[in-house]
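Colleague: mmCIF, C-alpha atoms and all ligand atoms, file start.cif:
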```
data_target
#
loop_
_atom_site.label_atom_id
_atom_site.label_comp_id
_atom_site.auth_asym_id
_atom_site.auth_seq_id
_atom_site.Cartn_x
_atom_site.Cartn_y
_atom_site.Cartn_z
CA MET H 14 113.03 91.10 92.77
CA SER H 15 111.18 87.86 93.61
CA LYS H 16 107.57 86.77 93.17
CA LYS H 17 107.28 86.11 96.90
CA GLN H 18 107.95 89.71 97.89
CA PRO H 19 104.87 91.60 99.08
CA ILE H 20 102.59 94.06 97.35
CA GLY H 21 102.93 97.27 99.40
CA ILE H 22 99.73 99.30 99.74
CA PHE H 23 99.28 102.63 101.51
CA ASP H 24 96.55 105.14 102.23
CA SER H 25 96.12 108.19 104.43
CA GLY H 26 94.25 105.84 106.74
CA VAL H 27 91.90 102.88 106.83
CA GLY H 28 89.99 103.62 103.60
CA GLY H 29 92.49 101.98 101.26
CA THR H 30 91.58 98.64 102.81
CA SER H 31 88.63 98.80 100.39
CA ILE H 32 91.25 98.57 97.60
CA TRP H 33 93.23 95.94 99.51
CA LYS H 34 90.06 93.78 99.56
CA GLU H 35 89.82 93.89 95.77
CA ILE H 36 93.51 93.05 95.39
CA HIS H 37 93.32 90.21 97.91
CA GLN H 38 90.24 88.79 96.23
CA LEU H 39 91.80 88.87 92.76
CA LEU H 40 95.30 87.81 93.84
CA PRO H 41 94.83 85.60 96.93
CA TYR H 42 98.36 84.13 96.75
CA GLU H 43 100.02 87.50 97.04
CA HIS H 44 101.53 88.59 100.33
CA THR H 45 100.13 92.08 100.97
CA ILE H 46 101.41 94.70 103.39
CA TYR H 47 99.12 97.63 104.14
CA LEU H 48 100.15 100.92 105.77
CA ALA H 49 97.45 103.17 107.24
CA ASP H 50 98.85 106.64 107.92
CA SER H 51 95.82 107.46 110.07
CA ILE H 52 97.69 109.87 112.32
CA ASN H 53 98.02 112.16 109.31
CA ALA H 54 94.48 111.71 107.95
CA PRO H 55 92.84 113.46 106.28
CA TYR H 56 95.36 114.14 103.50
CA GLY H 57 92.63 115.84 101.50
CA GLU H 58 92.89 119.04 103.53
CA LYS H 59 96.67 119.32 103.27
CA PRO H 60 98.77 121.33 100.79
CA LYS H 61 100.22 119.41 97.83
CA GLU H 62 103.82 119.54 99.16
CA GLU H 63 102.73 117.88 102.40
CA ILE H 64 100.80 115.16 100.52
CA VAL H 65 103.93 114.52 98.42
CA ARG H 66 106.13 114.35 101.54
CA LEU H 67 103.81 111.86 103.27
CA SER H 68 103.53 109.75 100.11
CA PHE H 69 107.34 109.49 99.94
CA LYS H 70 107.50 108.55 103.63
CA ASN H 71 104.96 105.73 103.13
CA THR H 72 106.57 104.48 99.92
CA LYS H 73 110.03 104.34 101.52
CA LYS H 74 108.62 102.40 104.49
CA LEU H 75 106.97 99.84 102.19
CA LEU H 76 110.17 99.45 100.19
CA GLU H 77 112.11 98.90 103.43
CA MET H 78 109.59 96.13 104.14
CA GLY H 79 110.48 94.52 100.83
CA ALA H 80 107.60 95.60 98.55
CA LYS H 81 107.96 94.55 94.90
CA ILE H 82 105.26 97.00 93.78
CA ILE H 83 103.54 99.96 95.43
CA VAL H 84 99.80 100.55 95.28
CA VAL H 85 98.84 104.09 96.24
CA ALA H 86 95.36 103.25 97.55
CA CYS H 87 94.51 106.91 97.98
CA ASN H 88 93.09 109.20 95.28
CA THR H 89 94.46 112.27 97.04
CA ALA H 90 98.02 110.90 97.16
CA THR H 91 97.76 109.60 93.58
CA THR H 92 96.50 112.82 92.04
CA ASN H 93 99.05 114.94 93.92
CA ALA H 94 102.16 112.77 94.13
CA ILE H 95 102.22 109.87 91.67
CA GLN H 96 104.35 111.62 89.07
CA GLN H 97 107.08 112.45 91.62
CA LEU H 98 106.89 108.93 93.08
CA ARG H 99 107.25 107.34 89.65
CA SER H 100 110.23 109.47 88.75
CA SER H 101 111.97 108.77 92.09
CA PHE H 102 111.52 105.01 92.56
CA THR H 103 112.23 102.14 90.19
CA VAL H 104 109.50 99.72 91.40
CA PRO H 105 106.16 99.88 89.57
CA ILE H 106 103.71 102.28 91.21
CA ILE H 107 99.96 101.83 90.73
CA GLY H 108 97.60 104.68 91.55
CA ILE H 109 93.88 105.21 91.94
CA GLU H 110 91.86 107.97 90.32
CA PRO H 111 88.14 108.75 90.32
CA ALA H 112 86.36 106.64 87.69
CA ILE H 113 85.03 109.56 85.65
CA LYS H 114 85.47 107.79 82.31
CA PRO H 115 83.08 104.84 82.86
CA ALA H 116 80.53 107.09 84.57
CA ALA H 117 80.60 109.73 81.81
CA THR H 118 80.49 107.07 79.10
CA LYS H 119 77.54 105.19 80.60
CA SER H 120 75.51 108.14 81.86
CA ARG H 121 72.24 108.60 79.98
CA ALA H 122 71.31 111.75 81.83
CA LYS H 123 74.75 113.15 80.90
CA VAL H 124 74.99 114.43 84.47
CA ILE H 125 77.33 112.69 86.89
CA GLY H 126 78.40 113.40 90.45
CA ILE H 127 81.91 113.06 91.87
CA LEU H 128 82.46 112.87 95.59
CA ALA H 129 86.15 113.27 96.49
CA THR H 130 88.50 115.19 98.76
CA LYS H 131 89.49 118.81 98.27
CA GLY H 132 93.05 117.63 97.50
CA THR H 133 91.84 115.38 94.68
CA LEU H 134 89.36 117.79 93.15
CA SER H 135 91.87 120.66 93.15
CA SER H 136 94.72 118.60 91.62
CA GLU H 137 95.99 119.15 88.08
CA LEU H 138 95.78 115.45 87.28
CA PHE H 139 92.08 115.34 88.18
CA ALA H 140 91.40 118.57 86.26
CA ARG H 141 92.95 117.08 83.13
CA THR H 142 90.83 113.91 83.32
CA SER H 143 87.70 115.83 84.18
CA ASP H 144 88.21 118.20 81.23
CA LEU H 145 88.41 115.23 78.88
CA TYR H 146 85.00 113.91 79.88
CA SER H 147 83.11 117.05 80.78
CA LYS H 148 82.65 118.18 77.17
CA ASN H 149 79.27 116.56 76.76
CA THR H 150 78.63 115.51 80.37
CA LYS H 151 77.91 117.78 83.29
CA VAL H 152 80.24 116.85 86.16
CA ILE H 153 79.04 117.91 89.60
CA GLU H 154 82.02 117.90 91.96
CA VAL H 155 81.38 117.80 95.70
CA ILE H 156 84.05 117.77 98.43
CA GLY H 157 83.25 115.04 100.94
CA ASN H 158 83.82 117.30 103.94
CA GLY H 159 83.83 115.39 107.21
CA LEU H 160 83.53 111.89 105.72
CA VAL H 161 87.13 110.69 106.11
CA PRO H 162 87.48 111.83 109.77
CA ALA H 163 84.15 110.16 110.65
CA ILE H 164 85.26 106.85 109.05
CA GLU H 165 88.64 107.12 110.78
CA ASN H 166 86.75 107.53 114.07
CA GLY H 167 84.74 104.39 113.44
CA GLN H 168 81.50 106.32 112.85
CA LYS H 169 80.50 105.01 109.44
CA ASP H 170 77.19 103.65 110.72
CA SER H 171 76.09 106.72 112.62
CA GLU H 172 73.24 109.18 112.33
CA LYS H 173 75.92 111.89 111.96
CA MET H 174 77.25 110.12 108.83
CA ASP H 175 73.83 109.96 107.19
CA ARG H 176 73.26 113.65 107.95
CA LEU H 177 76.61 114.55 106.36
CA LEU H 178 75.84 112.43 103.30
CA ARG H 179 72.34 113.84 102.84
CA ASP H 180 73.77 117.37 102.69
CA LEU H 181 76.57 116.38 100.29
CA LEU H 182 74.26 114.49 97.92
CA GLN H 183 71.63 117.19 97.73
CA PRO H 184 73.30 119.40 95.06
CA MET H 185 73.96 116.32 92.91
CA LEU H 186 70.41 115.06 93.16
CA GLN H 187 69.11 118.50 92.37
CA GLU H 188 71.05 118.39 89.09
CA GLY H 189 69.65 114.94 88.26
CA ILE H 190 72.77 112.75 88.33
CA ASP H 191 72.43 109.11 87.27
CA TYR H 192 76.00 108.10 88.23
CA LEU H 193 77.87 108.81 91.44
CA VAL H 194 81.65 108.36 91.32
CA LEU H 195 83.32 107.59 94.63
CA GLY H 196 86.62 109.44 94.26
CA CYS H 197 88.13 108.50 97.62
CA SER H 198 89.10 105.03 98.78
CA HIS H 199 87.36 105.56 102.12
CA TYR H 200 83.96 106.00 100.48
CA PRO H 201 83.22 102.41 99.33
CA TYR H 202 82.59 101.74 103.03
CA LEU H 203 79.67 104.16 102.74
CA ILE H 204 77.94 102.26 99.92
CA PRO H 205 75.28 100.79 102.27
CA ASN H 206 74.50 104.31 103.58
CA LEU H 207 74.50 105.73 100.05
CA LYS H 208 72.15 103.04 98.78
CA ARG H 209 69.69 103.99 101.50
CA LEU H 210 69.93 107.68 100.66
CA LEU H 211 70.00 107.62 96.85
CA PRO H 212 67.16 106.82 94.46
CA ASP H 213 67.48 103.53 92.53
CA SER H 214 68.12 105.53 89.36
CA VAL H 215 71.63 106.45 90.59
CA THR H 216 74.46 103.95 89.99
CA ILE H 217 77.48 104.09 92.28
CA ILE H 218 80.94 103.53 90.75
CA ASP H 219 84.32 103.14 92.42
CA SER H 220 87.78 102.27 91.14
CA GLY H 221 88.79 99.38 93.42
CA GLU H 222 88.37 96.54 90.95
CA ALA H 223 90.19 98.45 88.20
CA VAL H 224 93.15 99.03 90.52
CA ALA H 225 93.31 95.32 91.37
CA ARG H 226 93.22 94.39 87.66
CA GLN H 227 95.94 96.92 86.87
CA THR H 228 98.10 95.55 89.70
CA GLN H 229 97.65 92.04 88.27
CA ALA H 230 98.52 93.20 84.74
CA VAL H 231 101.67 95.05 85.80
CA LEU H 232 102.93 92.20 88.00
CA GLY H 233 102.14 89.75 85.20
CA SER H 234 104.04 91.81 82.63
CA GLN H 235 107.16 91.71 84.85
CA ASP H 236 106.76 88.02 85.71
CA LEU H 237 106.24 88.94 89.38
CA LEU H 238 102.85 87.31 90.05
CA CYS H 239 103.03 84.94 93.00
CA ASP H 240 101.79 81.53 91.85
CA GLN H 241 101.72 79.65 95.14
CA PRO H 242 100.34 80.28 98.65
CA ASN H 243 102.34 82.92 100.47
CA LYS H 244 102.25 84.76 103.81
CA ALA H 245 99.01 86.11 105.32
CA PRO H 246 98.23 89.81 104.80
CA GLU H 247 99.78 92.24 107.27
CA PHE H 248 98.33 95.58 108.29
CA PHE H 249 100.19 98.39 110.05
CA THR H 250 98.57 101.52 111.37
CA ASN H 251 99.81 104.54 113.30
CA GLY H 252 96.21 105.08 114.44
CA ASN H 253 93.71 102.85 116.22
CA PRO H 254 94.13 99.18 115.16
CA GLN H 255 90.55 98.36 116.22
CA VAL H 256 89.00 100.68 113.61
CA LEU H 257 91.03 98.97 110.89
CA LYS H 258 90.18 95.51 112.23
CA ASN H 259 86.48 96.31 112.17
CA LEU H 260 86.68 97.40 108.55
CA ILE H 261 88.56 94.37 107.26
CA ASN H 262 86.05 92.22 109.08
CA ALA H 263 86.30 90.41 112.37
CA SER H 264 85.92 87.07 110.61
CA GLU H 265 89.36 87.54 109.00
CA GLN H 266 91.04 87.00 112.37
CA THR H 267 94.15 85.44 110.95
CA PHE H 268 95.21 88.82 109.62
CA ASN H 269 97.71 90.73 111.70
CA VAL H 270 96.85 94.34 112.49
CA THR H 271 99.71 96.00 114.34
CA TYR H 272 100.32 99.49 115.68
CA LEU H 273 103.46 100.94 114.10
CA ASP H 274 104.99 104.37 114.56
CA PHE H 275 106.08 105.37 111.05
N1 LIG H 301 91.47 107.56 101.03
C1 LIG H 301 91.91 108.89 100.67
C2 LIG H 301 91.55 109.14 99.21
O1 LIG H 301 91.32 108.20 98.46
C3 LIG H 301 91.39 109.85 101.68
C4 LIG H 301 92.11 111.13 101.64
C5 LIG H 301 92.14 111.86 102.92
O2 LIG H 301 92.81 111.39 103.83
O3 LIG H 301 91.59 112.94 102.95
O4 LIG H 301 91.52 110.26 98.75
#
```
Please rewrite the model in this file as structure tokens.
Modeller:
Amino acid sequence: MSKKQPIGIFDSGVGGTSIWKEIHQLLPYEHTIYLADSINAPYGEKPKEEIVRLSFKNTKKLLEMGAKIIVVACNTATTNAIQQLRSSFTVPIIGIEPAIKPAATKSRAKVIGILATKGTLSSELFARTSDLYSKNTKVIEVIGNGLVPAIENGQKDSEKMDRLLRDLLQPMLQEGIDYLVLGCSHYPYLIPNLKRLLPDSVTIIDSGEAVARQTQAVLGSQDLLCDQPNKAPEFFTNGNPQVLKNLINASEQTFNVTYLDF
């Protein structure tokens, strides 16, 4: 394994680019390869076995492309498949899980909201973490129905999106949450919408920065951190490249976004 090999990142679609941004910001010398499995989004509605199968497909593709580490930039894939991935592959595998711990620890109201997919909220891994922190904190779980498909269709700034969000937030606001955990890597793209729709008393938390720090720590511990400028990031999608381009920002034109059938 060499330091110059890429960090391989995958998600069910374009949402994991929110995690890629954190990784790229923290580790700008690293060559990153991102796979968006948009044709199969949303994963959150699929049975566990199918999520595991797709996670293996994406991991194998990234390893074929030379990845030295895999970042599962998808809460649904992490909570359903990370154990099998870790026991089947020898490269380090980093996952993302809803940030219940910091929200529950910091909440004064002792009521927090978690917005995530059905696949994440119904997973055993999530249930275990949630049980740990729900002893003295009320955890209001809401499935973000419709959010991932709307983002995948490039509709994050639409009236439809705000309507969906208003309905999803209502039960949480009724219970008086003071923290909202974004338990899906697509949702950080909705932070501007959420800030408009939530009272100032609610703090929004996501896990992107923690995943980037963990990636740095694991690469560092194996002496695999790239210490000199490397190749530009590469993005591959089996969906619409324009949606992905818009999310990673038109100003970053040097980044390659390519259609790939995988
Ligand atoms: N970005 C994925 C996650 O973090 C979305 C899952 C989906 O495709 O439903 O859970």
Colleague: Just want the 10 Å neighbourhood of region 231-238 of chain H, counted on only C-alpha atoms, with same-chain residues fewer than 5 positions away dropped. Output as JSON, numbers by chain.
Modeller: {"H": [14, 15, 16, 17, 18, 20, 40, 42, 43, 81, 82, 105, 106, 107, 226]}
Colleague: Print the selection's residues with C-alpha atoms to a file, as a CSV table (one decimal), in the frame of the given file.
Modeller:
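What landed in out-v2.csv:
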```csv
chain,number,residue,atom,x,y,z
H,14,MET,CA,113.0,91.1,92.8
H,15,SER,CA,111.2,87.9,93.6
H,16,LYS,CA,107.6,86.8,93.2
H,17,LYS,CA,107.3,86.1,96.9
H,18,GLN,CA,108.0,89.7,97.9
H,20,ILE,CA,102.6,94.1,97.4
H,40,LEU,CA,95.3,87.8,93.8
H,42,TYR,CA,98.4,84.1,96.8
H,43,GLU,CA,100.0,87.5,97.0
H,81,LYS,CA,108.0,94.6,94.9
H,82,ILE,CA,105.3,97.0,93.8
H,105,PRO,CA,106.2,99.9,89.6
H,106,ILE,CA,103.7,102.3,91.2
H,107,ILE,CA,100.0,101.8,90.7
H,226,ARG,CA,93.2,94.4,87.7
```
Colleague: Could you give me, as a ChimeraX atom specification, the residues within 9 Å of Ala94 (chain H), counting only C-alpha atoms and dropping anything in the same chain fewer than 5 positions from it?
Modeller: /H:61-62,64-66,68-69,89,99
Colleague: Export, as a short mmCIF file (atom, residue, chain, number, x, y, z; two decimals), in the coordinates of the input, the selected residues with C-alpha atoms.
Modeller:
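Saved as selection18.cif:
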```cif
data_model
loop_
_atom_site.label_atom_id
_atom_site.label_comp_id
_atom_site.auth_asym_id
_atom_site.auth_seq_id
_atom_site.Cartn_x
_atom_site.Cartn_y
_atom_site.Cartn_z
CA LYS H 61 100.22 119.41 97.83
CA GLU H 62 103.82 119.54 99.16
CA ILE H 64 100.80 115.16 100.52
CA VAL H 65 103.93 114.52 98.42
CA ARG H 66 106.13 114.35 101.54
CA SER H 68 103.53 109.75 100.11
CA PHE H 69 107.34 109.49 99.94
CA THR H 89 94.46 112.27 97.04
CA ARG H 99 107.25 107.34 89.65
#
```
Colleague: Set the distance at 8 Å and use all atoms listed in the file: which residues neighbour region 123-140 of chain H once local chain neighbours fewer than 3 positions away are removed? I'd like the list as a PyMOL selection string.
Modeller: chain H and resi 56-61+88-89+92-93+110-111+113+116-117+120+143-144+149-158+185+188-197
Colleague: Go ahead and write the residues just picked, C-alpha atoms, as a short mmCIF file (atom, residue, chain, number, x, y, z; two decimals), in the coordinates of the input.
Modeller:
```cif
data_model
loop_
_atom_site.label_atom_id
_atom_site.label_comp_id
_atom_site.auth_asym_id
_atom_site.auth_seq_id
_atom_site.Cartn_x
_atom_site.Cartn_y
_atom_site.Cartn_z
CA TYR H 56 95.36 114.14 103.50
CA GLY H 57 92.63 115.84 101.50
CA GLU H 58 92.89 119.04 103.53
CA LYS H 59 96.67 119.32 103.27
CA PRO H 60 98.77 121.33 100.79
CA LYS H 61 100.22 119.41 97.83
CA ASN H 88 93.09 109.20 95.28
CA THR H 89 94.46 112.27 97.04
CA THR H 92 96.50 112.82 92.04
CA ASN H 93 99.05 114.94 93.92
CA GLU H 110 91.86 107.97 90.32
CA PRO H 111 88.14 108.75 90.32
CA ILE H 113 85.03 109.56 85.65
CA ALA H 116 80.53 107.09 84.57
CA ALA H 117 80.60 109.73 81.81
CA SER H 120 75.51 108.14 81.86
CA SER H 143 87.70 115.83 84.18
CA ASP H 144 88.21 118.20 81.23
CA ASN H 149 79.27 116.56 76.76
CA THR H 150 78.63 115.51 80.37
CA LYS H 151 77.91 117.78 83.29
CA VAL H 152 80.24 116.85 86.16
CA ILE H 153 79.04 117.91 89.60
CA GLU H 154 82.02 117.90 91.96
CA VAL H 155 81.38 117.80 95.70
CA ILE H 156 84.05 117.77 98.43
CA GLY H 157 83.25 115.04 100.94
CA ASN H 158 83.82 117.30 103.94
CA MET H 185 73.96 116.32 92.91
CA GLU H 188 71.05 118.39 89.09
CA GLY H 189 69.65 114.94 88.26
CA ILE H 190 72.77 112.75 88.33
CA ASP H 191 72.43 109.11 87.27
CA TYR H 192 76.00 108.10 88.23
CA LEU H 193 77.87 108.81 91.44
CA VAL H 194 81.65 108.36 91.32
CA LEU H 195 83.32 107.59 94.63
CA GLY H 196 86.62 109.44 94.26
CA CYS H 197 88.13 108.50 97.62
#
```
Colleague: Using CA of Tyr146 (chain H) and CA of Asp180 (chain H) as the two end points, give the distance in Å to one decimal.
Modeller: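 Value for the CA of Tyr146 (chain H)-CA of Asp180 (chain H) distance: 25.7 Å.
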Colleague: Within 12 Å of (84.1, 115.8, 108.3), in the coordinates the file gives, what residues turn up when you count all atoms listed in the file, written out as a PyMOL selection string?
Modeller: chain H and resi 54-55+57-58+130-131+156-166+168-169+173-178+180-181
Colleague: Can you tell me, as a list of chain:residue names, which residues sit within 6 Å of (98.8, 89.6, 106.4) in the file's frame, using only C-alpha atoms?
Modeller: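 The residues that fall inside the cut-off are H:Ala245, H:Pro246, H:Glu247, H:Phe268, H:Asn269.
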Colleague: So, counting all atoms listed in the file, which residue among H:His199, H:His37, H:Lys258, H:Lys119 is closest to ligand LIG 301 (chain H)?
Modeller: H:His199
Colleague: When you look at Gly221 (chain H) with a cut-off of 8 Å (counting all atoms listed in the file), what residues show up, excluding the ones that are within fewer than 2 positions of it in the same chain? I need them as an MDAnalysis selection string.
Modeller: chainID H and resid 31:32 35 109 198 219 223:225
Colleague: To one decimal place, how far is CA of Ser220 (chain H) from CA of His44 (chain H) in Å?
Modeller: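 CA of Ser220 (chain H) sits 21.5 Å away from CA of His44 (chain H).
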Colleague: What does the structure give for the distance between CA of Leu211 (chain H) and CA of Lys148 (chain H), in Å to one decimal?
Modeller: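 Separating CA of Leu211 (chain H) from CA of Lys148 (chain H) is a distance of 25.7 Å.
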Colleague: Find the residue from H:Ile95, H:Ala49, H:Ile36, H:Ile83 that sits nearest to ligand LIG 301 (chain H); use all atoms listed in the file when measuring.
Modeller: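 Nearest candidate to ligand LIG 301 (chain H) out of H:Ile95, H:Ala49, H:Ile36, H:Ile83: H:Ala49.
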Colleague: Find, counting all atoms listed in the file, the residue in H:Lys34, H:Lys208, H:Arg121, H:Lys70 that gets nearest to Leu98 (chain H).
Modeller: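 Distance minimum relative to Leu98 (chain H) lands on H:Lys70.
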Colleague: Looking at only C-alpha atoms, which of H:Gln255, H:Gln97, H:Thr72, H:Thr45 is the one that sits closest to Thr228 (chain H)?
Modeller: H:Thr45
